[in-house]
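This is model29.cif (mmCIF, C-alpha atoms).
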```cif
data_upload
#
loop_
_atom_site.label_atom_id
_atom_site.label_comp_id
_atom_site.auth_asym_id
_atom_site.auth_seq_id
_atom_site.Cartn_x
_atom_site.Cartn_y
_atom_site.Cartn_z
CA MET Y 26 73.02 261.68 131.85
CA ARG Y 27 76.12 259.80 133.00
CA GLY Y 28 79.73 261.02 132.93
CA HIS Y 29 82.58 259.56 130.87
CA LEU Y 30 83.70 255.96 131.01
CA THR Y 31 85.45 254.80 134.17
CA ASP Y 32 88.84 253.08 134.08
CA ARG Y 33 87.18 249.70 134.46
CA GLU Y 34 84.73 250.35 131.64
CA MET Y 35 87.53 251.62 129.44
CA MET Y 36 89.60 248.55 130.28
CA GLU Y 37 86.71 246.27 129.29
CA LEU Y 38 86.15 248.31 126.15
CA VAL Y 39 89.74 248.08 124.89
CA GLY Y 40 89.88 244.46 126.04
CA ASP Y 41 86.97 243.64 123.73
CA SER Y 42 84.56 242.73 126.50
CA PRO Y 43 82.43 245.86 126.95
CA GLU Y 44 78.97 245.76 128.46
CA GLY Y 45 75.90 247.01 126.58
CA GLU Y 46 75.72 250.18 128.61
CA THR Y 47 79.31 251.04 127.75
CA LEU Y 48 78.66 250.60 124.06
CA ALA Y 49 75.55 252.69 124.32
CA HIS Y 50 77.54 255.45 125.99
CA LEU Y 51 80.14 255.26 123.27
CA THR Y 52 77.59 255.96 120.57
CA ARG Y 53 76.62 259.17 122.37
CA CYS Y 54 80.01 260.40 123.65
CA ALA Y 55 82.59 261.53 121.10
CA ALA Y 56 85.21 262.20 123.79
CA CYS Y 57 85.09 258.61 125.02
CA ARG Y 58 85.14 257.33 121.44
CA GLU Y 59 88.25 259.35 120.73
CA GLU Y 60 89.89 258.39 123.99
CA SER Y 61 89.18 254.69 123.58
CA ALA Y 62 90.59 254.81 120.04
CA ARG Y 63 93.74 256.54 121.31
CA LEU Y 64 94.13 254.08 124.16
CA ARG Y 65 93.58 251.11 121.89
CA ALA Y 66 96.17 252.41 119.43
CA ALA Y 67 98.70 252.86 122.25
CA LEU Y 68 98.08 249.33 123.52
CA VAL Y 69 98.33 247.84 120.04
CA ASP Y 70 101.65 249.68 119.56
CA LEU Y 71 102.88 248.35 122.88
CA ALA Y 72 101.97 244.76 122.03
CA THR Y 73 103.39 245.01 118.49
CA HIS Y 74 106.63 246.47 119.83
CA ALA Y 75 106.88 243.78 122.53
CA HIS Y 76 106.43 241.01 119.98
CA ALA Y 77 108.87 242.61 117.56
CA GLN Y 78 111.49 243.09 120.27
CA ALA Y 79 111.16 239.46 121.30
CA GLU Y 80 111.90 238.24 117.78
CA ARG Y 81 115.25 236.49 117.56
CA PRO Y 82 117.18 234.84 114.74
CA ASP Y 83 116.24 231.21 114.21
CA ALA Y 84 119.58 230.06 115.58
CA PHE Y 85 118.92 231.78 118.90
CA TRP Y 86 116.32 229.34 120.20
CA PRO Y 87 118.25 226.08 119.73
CA GLY Y 88 121.26 227.85 121.25
CA GLN Y 89 119.21 228.80 124.27
CA ARG Y 90 118.01 225.22 124.64
CA VAL Y 91 121.59 224.01 124.52
CA ARG Y 92 122.52 226.47 127.28
CA ILE Y 93 119.59 225.30 129.39
CA ALA Y 94 120.48 221.65 128.82
CA GLY Y 95 124.09 222.45 129.73
CA ARG Y 96 123.04 223.96 133.04
CA LEU Y 97 120.72 221.05 133.77
CA GLY Y 98 123.47 218.58 132.92
CA LYS Y 99 125.72 220.09 135.56
CA ARG Y 100 123.03 219.98 138.22
CA ARG Y 101 121.32 216.72 137.26
CA PRO Y 102 120.42 214.91 140.48
CA LEU Y 103 121.40 211.33 141.22
CA ALA Y 104 119.07 208.64 140.07
CA PRO Y 105 116.42 207.92 142.71
CA ALA Y 106 117.66 204.36 143.29
CA TRP Y 107 121.09 205.65 144.36
CA ARG Y 108 119.91 208.85 146.02
CA TRP Y 109 120.04 207.40 149.58
CA ALA Y 110 122.90 204.98 149.01
CA TRP Y 111 125.21 207.13 151.11
CA ALA Y 112 123.07 206.65 154.24
CA PRO Y 113 123.88 202.97 155.00
CA VAL Y 114 127.51 203.55 154.02
CA LEU Y 115 127.72 206.43 156.49
CA ALA Y 116 126.00 204.37 159.21
CA ALA Y 117 128.41 201.47 158.70
CA ALA Y 118 131.38 203.83 158.84
CA GLY Y 119 130.09 205.32 162.09
CA LEU Y 120 129.62 201.86 163.61
CA LEU Y 121 133.15 200.82 162.66
CA LEU Y 122 134.54 204.00 164.18
CA MET Y 123 132.69 203.34 167.44
CA LEU Y 124 133.97 199.73 167.58
CA TRP Y 125 137.53 200.82 166.90
CA ALA Y 126 137.34 203.52 169.57
CA ARG Y 127 136.06 201.04 172.15
CA ASP Y 128 138.42 198.14 171.38
CA GLY Y 129 141.51 200.06 170.43
CA ALA Y 130 141.92 202.17 173.61
CA PRO Y 131 144.49 200.82 176.20
CA PRO Y 132 142.67 199.19 179.17
CA THR Y 133 145.23 200.39 181.72
CA GLN Y 134 144.10 203.92 181.20
CA ASP Y 135 140.52 202.99 182.13
CA ALA Y 136 141.75 201.16 185.24
CA ASN Y 137 143.89 204.07 186.31
CA ALA Y 138 141.03 206.44 185.79
CA ASP Y 139 138.72 204.26 187.92
CA GLN Y 140 141.32 204.04 190.71
CA ALA Y 141 141.81 207.81 190.72
CA LEU Y 142 138.04 208.37 190.84
CA LEU Y 143 137.69 205.99 193.80
CA ALA Y 144 140.51 207.69 195.68
CA SER Y 145 139.01 211.12 195.17
CA VAL Y 146 135.60 209.92 196.39
CA GLU Y 147 137.20 208.43 199.47
CA ARG Y 148 139.10 211.63 200.13
CA SER Y 149 135.97 213.71 199.85
CA ILE Y 150 134.08 211.36 202.17
CA HIS Y 151 136.83 211.62 204.74
CA VAL Y 152 137.08 215.38 204.51
CA ASP Y 153 133.32 215.93 204.56
CA ALA Y 154 132.67 213.59 207.49
CA PRO Y 155 131.56 215.32 210.69
CA ALA Y 156 134.03 215.31 213.59
CA PRO Y 157 132.17 212.75 215.79
CA LEU Y 158 132.25 210.20 212.97
CA ARG Y 159 135.95 210.51 212.18
CA PRO Y 160 137.08 207.79 214.71
CA ALA Y 161 134.57 205.43 213.11
CA LEU Y 162 135.94 206.24 209.64
CA LEU Y 163 139.46 205.63 210.92
CA LEU Y 164 138.34 202.23 212.17
CA VAL Y 165 136.69 201.41 208.85
CA SER Y 166 139.82 202.36 206.93
CA GLU Y 167 141.97 200.20 209.22
CA VAL Y 168 139.67 197.25 208.66
CA GLU Y 169 139.83 197.78 204.91
CA ARG Y 170 143.62 197.98 204.98
CA GLY Y 171 143.73 194.77 207.04
CA MET Y 172 141.51 193.00 204.53
CA MET Y 173 143.70 194.13 201.67
CA GLN Y 174 146.82 192.84 203.43
CA SER Y 175 145.13 189.49 204.08
CA ASP Y 176 144.32 189.27 200.38
CA HIS Y 177 148.01 189.71 199.56
CA ARG Y 178 149.26 187.37 202.28
CA ILE Y 179 151.71 184.79 201.08
CA THR Y 180 150.40 181.28 201.52
CA ILE Y 181 152.98 178.85 202.88
CA PRO Y 182 152.65 175.25 201.74
CA LYS Y 183 152.33 172.61 204.47
CA GLY Y 184 155.72 171.39 205.71
CA GLY Y 185 157.58 173.96 203.76
CA GLN Y 186 159.89 176.73 204.92
CA PRO Y 187 158.60 180.25 205.22
CA MET L 18 92.13 229.27 120.89
CA ARG L 19 94.14 226.16 121.35
CA ASN L 20 93.18 223.14 119.37
CA THR L 21 92.74 219.63 120.67
CA GLN L 22 96.14 218.47 119.50
CA GLU L 23 97.89 221.22 121.43
CA ASN L 24 95.90 220.36 124.53
CA LEU L 25 96.88 216.73 124.21
CA LEU L 26 100.50 217.70 123.83
CA ASP L 27 100.31 219.86 126.92
CA VAL L 28 98.75 216.99 128.88
CA LYS L 29 101.59 214.76 127.73
CA ARG L 30 104.19 217.34 128.78
CA ALA L 31 102.41 217.77 132.12
CA SER L 32 102.70 214.05 132.73
CA ILE L 33 106.45 214.33 132.12
CA PHE L 34 106.69 216.78 134.99
CA ARG L 35 104.37 214.95 137.33
CA GLU L 36 105.93 211.57 136.79
CA SER L 37 109.56 212.51 136.43
CA PRO L 38 110.43 212.44 140.15
CA ARG L 39 109.35 208.81 140.24
CA THR L 40 110.92 207.90 136.94
CA GLU L 41 114.02 205.76 137.11
CA GLY L 42 116.96 208.03 136.37
CA GLY L 43 114.84 211.23 136.41
CA ILE L 44 113.39 213.15 133.47
CA SER L 45 115.14 212.54 130.21
CA PRO L 46 116.86 215.50 128.51
CA ASP L 47 114.82 214.90 125.37
CA ALA L 48 111.53 215.06 127.24
CA PHE L 49 112.47 218.26 129.00
CA ASP L 50 113.73 219.73 125.74
CA GLN L 51 110.20 219.32 124.35
CA VAL L 52 108.85 221.45 127.18
CA VAL L 53 111.50 224.12 126.61
CA ARG L 54 110.91 224.11 122.88
CA ALA L 55 107.17 224.56 123.31
CA HIS L 56 107.33 227.47 125.73
CA GLN L 57 110.65 229.29 125.41
CA ARG L 58 109.51 231.98 122.95
CA ARG L 59 106.48 233.00 124.97
CA ILE L 60 108.39 233.00 128.25
CA HIS L 61 111.14 235.07 126.64
CA ARG L 62 108.60 237.55 125.28
CA ILE L 63 106.86 237.98 128.63
CA LEU L 64 110.18 238.47 130.38
CA LEU L 65 111.38 240.96 127.80
CA ALA L 66 108.15 242.96 128.05
CA SER L 67 108.48 242.93 131.80
CA VAL L 68 112.18 243.71 132.31
CA ARG L 69 112.84 245.38 128.92
CA ASP L 70 116.41 244.19 128.78
CA THR L 71 117.35 241.67 126.09
CA ASP L 72 120.28 240.08 127.91
CA ALA L 73 118.36 239.86 131.15
CA ALA L 74 115.37 238.33 129.35
CA ASP L 75 117.64 235.66 127.86
CA THR L 76 119.26 234.86 131.19
CA LEU L 77 115.94 234.83 133.00
CA THR L 78 114.39 232.56 130.37
CA GLN L 79 117.12 230.03 131.07
CA GLU L 80 116.54 230.48 134.77
CA VAL L 81 112.79 229.83 134.38
CA PHE L 82 113.41 226.43 132.82
CA PHE L 83 116.20 225.63 135.23
CA ARG L 84 113.92 226.36 138.18
CA ALA L 85 111.05 224.50 136.57
CA PHE L 86 113.28 221.45 136.29
CA GLU L 87 114.53 221.79 139.84
CA LYS L 88 111.02 222.24 141.24
CA ARG L 89 109.25 219.80 138.95
CA ALA L 90 108.19 217.74 141.97
CA SER L 91 106.06 220.68 143.14
CA PHE L 92 104.19 220.82 139.84
CA ARG L 93 100.82 219.35 140.75
CA GLY L 94 99.31 219.45 137.31
CA ASP L 95 96.22 221.43 138.38
CA ALA L 96 97.35 224.18 135.97
CA SER L 97 98.96 223.79 132.57
CA ILE L 98 102.73 223.82 132.27
CA GLY L 99 102.45 227.10 130.38
CA THR L 100 100.61 228.74 133.27
CA TRP L 101 103.13 227.37 135.73
CA LEU L 102 106.09 228.59 133.69
CA VAL L 103 104.57 232.06 133.27
CA ARG L 104 104.13 232.19 137.05
CA ILE L 105 107.80 231.36 137.56
CA ALA L 106 108.79 233.90 134.91
CA LEU L 107 106.79 236.72 136.49
CA ASN L 108 108.26 236.00 139.91
CA LEU L 109 111.75 236.08 138.44
CA ALA L 110 110.98 239.32 136.60
CA ARG L 111 109.80 240.87 139.86
CA ASP L 112 112.99 239.81 141.65
CA HIS L 113 115.09 241.08 138.78
CA ARG L 114 113.41 244.48 138.83
CA ARG L 115 113.91 244.72 142.56
CA SER L 116 117.59 243.93 142.29
CA ARG L 117 117.94 246.36 139.35
CA ARG L 118 116.33 249.09 141.44
CA LEU L 119 118.78 248.36 144.25
CA THR L 120 121.66 248.50 141.79
CA PHE L 121 120.40 251.85 140.53
CA TRP L 122 120.26 253.33 144.03
CA ARG L 123 123.68 251.92 144.88
CA ARG L 124 125.13 253.47 141.73
CA LEU L 125 123.42 256.75 142.51
CA TRP L 126 124.82 256.67 146.03
CA ARG L 127 128.34 256.03 144.77
CA ASN L 128 128.41 258.39 141.80
CA GLY L 129 125.84 260.98 142.74
CA GLN L 130 124.44 260.73 139.20
CA PRO L 131 121.31 258.84 138.31
CA GLY L 132 122.12 258.41 134.62
CA ASP L 133 119.35 257.16 132.36
CA VAL L 134 116.50 256.26 134.67
CA THR L 135 113.98 254.80 132.29
CA GLY L 136 116.34 253.96 129.48
CA ALA L 137 113.31 253.60 127.29
CA ALA L 138 114.23 256.16 124.68
CA SER L 139 117.61 254.58 124.04
CA ARG L 140 116.09 251.16 123.51
CA VAL L 141 113.59 252.27 120.90
CA PRO L 142 115.21 252.14 117.46
CA ASP L 143 115.89 255.44 115.76
CA PRO L 144 112.84 256.68 113.91
CA GLU L 145 112.74 257.36 110.22
CA PRO L 146 113.26 261.13 109.87
CA SER L 147 110.48 261.55 107.35
CA ALA L 148 107.73 259.83 109.24
CA GLU L 149 106.39 262.32 111.74
CA ARG L 150 103.56 260.06 112.68
CA LYS L 151 106.02 257.30 113.51
CA ILE L 152 107.96 259.66 115.70
CA MET L 153 104.86 260.55 117.62
CA ALA L 154 103.86 256.92 117.92
CA ARG L 155 107.33 256.04 119.21
CA GLU L 156 107.23 258.83 121.75
CA ARG L 157 103.84 257.69 122.89
CA LEU L 158 105.13 254.12 123.14
CA THR L 159 108.04 255.28 125.27
CA ALA L 160 105.66 257.19 127.53
CA VAL L 161 103.38 254.17 127.90
CA GLN L 162 106.37 251.93 128.65
CA ALA L 163 107.45 254.36 131.35
CA VAL L 164 103.99 254.16 132.89
CA VAL L 165 104.09 250.36 132.78
CA ASP L 166 107.48 250.45 134.47
CA ARG L 167 106.03 252.43 137.35
CA LEU L 168 103.09 250.09 137.92
CA SER L 169 103.13 247.70 140.86
CA HIS L 170 104.31 244.17 140.12
CA ARG L 171 100.77 242.76 140.03
CA GLN L 172 99.34 245.60 137.99
CA ARG L 173 102.17 245.26 135.48
CA ALA L 174 101.82 241.48 135.32
CA CYS L 175 98.06 241.71 134.72
CA PHE L 176 98.52 244.48 132.18
CA LEU L 177 101.21 242.70 130.14
CA LEU L 178 99.44 239.35 130.19
CA ARG L 179 96.21 241.02 129.05
CA PHE L 180 97.45 243.44 126.42
CA VAL L 181 100.72 241.87 125.21
CA GLU L 182 99.94 238.19 125.62
CA ALA L 183 96.20 238.62 124.94
CA MET L 184 95.28 236.34 127.80
CA THR L 185 91.73 236.42 129.15
CA VAL L 186 91.02 237.76 132.61
CA GLU L 187 90.27 234.22 133.77
CA GLU L 188 93.60 232.92 132.45
CA ILE L 189 95.44 235.74 134.18
CA ALA L 190 93.60 234.98 137.43
CA GLU L 191 94.66 231.34 137.20
CA THR L 192 98.25 232.21 136.35
CA LEU L 193 98.68 234.74 139.13
CA GLN L 194 96.46 232.80 141.52
CA LEU L 195 94.19 235.78 142.08
CA GLU L 196 90.45 236.30 142.03
CA VAL L 197 88.97 237.46 138.72
CA GLY L 198 87.68 240.61 140.41
CA THR L 199 91.16 241.38 141.73
CA VAL L 200 92.65 241.00 138.26
CA LYS L 201 90.00 243.39 136.88
CA THR L 202 90.84 245.91 139.58
CA HIS L 203 94.57 245.72 138.77
CA LEU L 204 93.83 246.06 135.07
CA ALA L 205 91.54 249.02 135.61
CA ARG L 206 94.21 250.81 137.66
CA ALA L 207 96.87 250.09 135.07
CA VAL L 208 94.62 251.30 132.25
CA GLY L 209 93.79 254.37 134.33
CA ALA L 210 97.49 255.16 134.66
CA VAL L 211 97.99 254.85 130.90
CA ARG L 212 94.91 256.98 130.26
CA ALA L 213 96.23 259.69 132.54
CA GLN L 214 99.62 259.64 130.80
CA LEU L 215 98.03 259.92 127.36
CA ALA L 216 95.78 262.74 128.50
CA GLU L 217 98.79 264.56 129.95
CA ARG L 218 100.79 264.16 126.74
CA GLU L 219 98.11 264.69 124.15
CA GLY L 220 95.45 266.60 126.04
CA PRO L 221 92.03 265.46 127.15
CA CYS L 222 89.57 264.30 124.56
CA GLU L 223 86.88 266.93 124.05
CA ASP L 224 83.16 266.47 123.66
CA ILE L 225 82.08 267.48 120.19
#
```
C-alpha cells encoding of this file:
Amino acid sequence: MRGHLTDREMMELVGDSPEGETLAHLTRCAACREESARLRAALVDLATHAHAQAERPDAFWPGQRVRIAGRLGKRRPLAPAWRWAWAPVLAAAGLLLMLWARDGAPPTQDANADQALLASVERSIHVDAPAPLRPALLLVSEVERGMMQSDHRITIPKGGQP
Amino acid sequence: MRNTQENLLDVKRASIFRESPRTEGGISPDAFDQVVRAHQRRIHRILLASVRDTDAADTLTQEVFFRAFEKRASFRGDASIGTWLVRIALNLARDHRRSRRLTFWRRLWRNGQPGDVTGAASRVPDPEPSAERKIMARERLTAVQAVVDRLSHRQRACFLLRFVEAMTVEEIAETLQLEVGTVKTHLARAVGAVRAQLAEREGPCEDI
C-alpha cells in the first residue's frame, strides 16, 4: 500500500500527463481525488483570471505598437553602409592636425631648444668630469672655440684693404 | 497545436530577424510591426501574470520588443521568435520584481510602514455580494497568487508557462534553456507550495 501522491505526481496529474500508476492510485484514494480536483480548480481559476486580466480594449494593441515604433524610431541605428563612415573622416582630420602641428610651429623655437639642450649636456659633462681630466677638457674647449672663430673669420679679398 | 501556416509565418518572421542586420537600411518598420502584432498579446499576458501590475506589464511589453529589436543580431534562429521573446520577457519580469522589492524595502526604511505587501486583494475586483462561492474562489485565487509571488524566479516562470500559458514541459525547457528534468522539479516544487497553501486554508483532504 503506497501513500498519497507526491508533488511531482500531482503536478503530472493536473498537467494532464499522469502515469498509469498515478491513475490507479487515484481510483483507490478519495483524498487524492479530492485534492487533485481542488488543485485543478485553483489552477484553472488562476489561468482564467490571468487571461481575463490581460484582456484590453481593441484600441490598446495598435496604440502599444505605435509606442513601440516610436521608441524604435528614436533609436534606429544608421544604415550599415554609413555606419563606419565616420572612421575615415576622423582619420583624415587627425592626419591634417598632425601636419598642421608639424609645419605651423616656428622653427626658431626648435633651434633654441636644441642649443639649450647641447649647452646643458656640455655643462653636465664638464661638471661630472673627474679632476685629472679637467685640463684635457679645458684644452678641448679651447680647440673648439678656436675652430668656431676660424669659421667666422672674415675673408679678405686679394689686393683689398682689411 | 500550431498549424502549418502559423509555422510558415513564424519562419518568415525569424528570417526577418536573422537577416535584418545585413539588410540595407536595417529592418523595416512594417516587418518588425508584424512580429509585434503576432506576439504582443501573449507577451503582455505572461508579463502581467508574472508582475501583476497592469502599467508595468504594458511598459515591460514595450521594453521586450525594444530589446528584441536592439539585440536582433543575437537571434540565431535555433528557437522560434516566440520562445526568444518569452525568454526576454521573463528576464525583464525578474528584474522588475527585484527592483520592486528594493523599492519596497527602501519605502519601509523611510516610512517604517510596509503598507500593502502582496496587494493581491486590492487588485481582485469586488465580488458579487450574493455569490458566496465566488467569494471563496476569489479568496483562494488571492492565496494562490500570493504563493506564486513567493516562488523563486525559475519556479514561478515554469509554473506560469505551464498552467497559465499551457506550454508543455519540453517547450518550457526550451524557452528557459533548462533540462526537462529540471523544469519538472521546479514545477513539482511550485505545485507543492500551492498544495500546502490550499491544505492550510481549506484543511487536508480526508480518506473516505
What does the PyMOL selection byres ((chain L) within 6 of (chain Y)) select in this file, as a PyMOL selection string? chain L and resi 42+62+66+79+181+205+209+222-224
Under the PyMOL selection byres ((chain L and resi 174) around 12), which residues of this model are included? Write them out as a PyMOL selection string. chain L and resi 63-64+66-68+103-111+165-173+175-182+184+186+189-190+192-195+200+203-204+207
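Atom CA of L:Arg218 sits 16.1 Å away from atom CA of L:Glu149.
Between atom CA of L:Leu215 and atom CA of L:Arg157 there is a distance of 7.7 Å.
Computed from the coordinates, the atom CA of L:Phe83 to atom CA of L:Val53 distance equals 9.9 Å.
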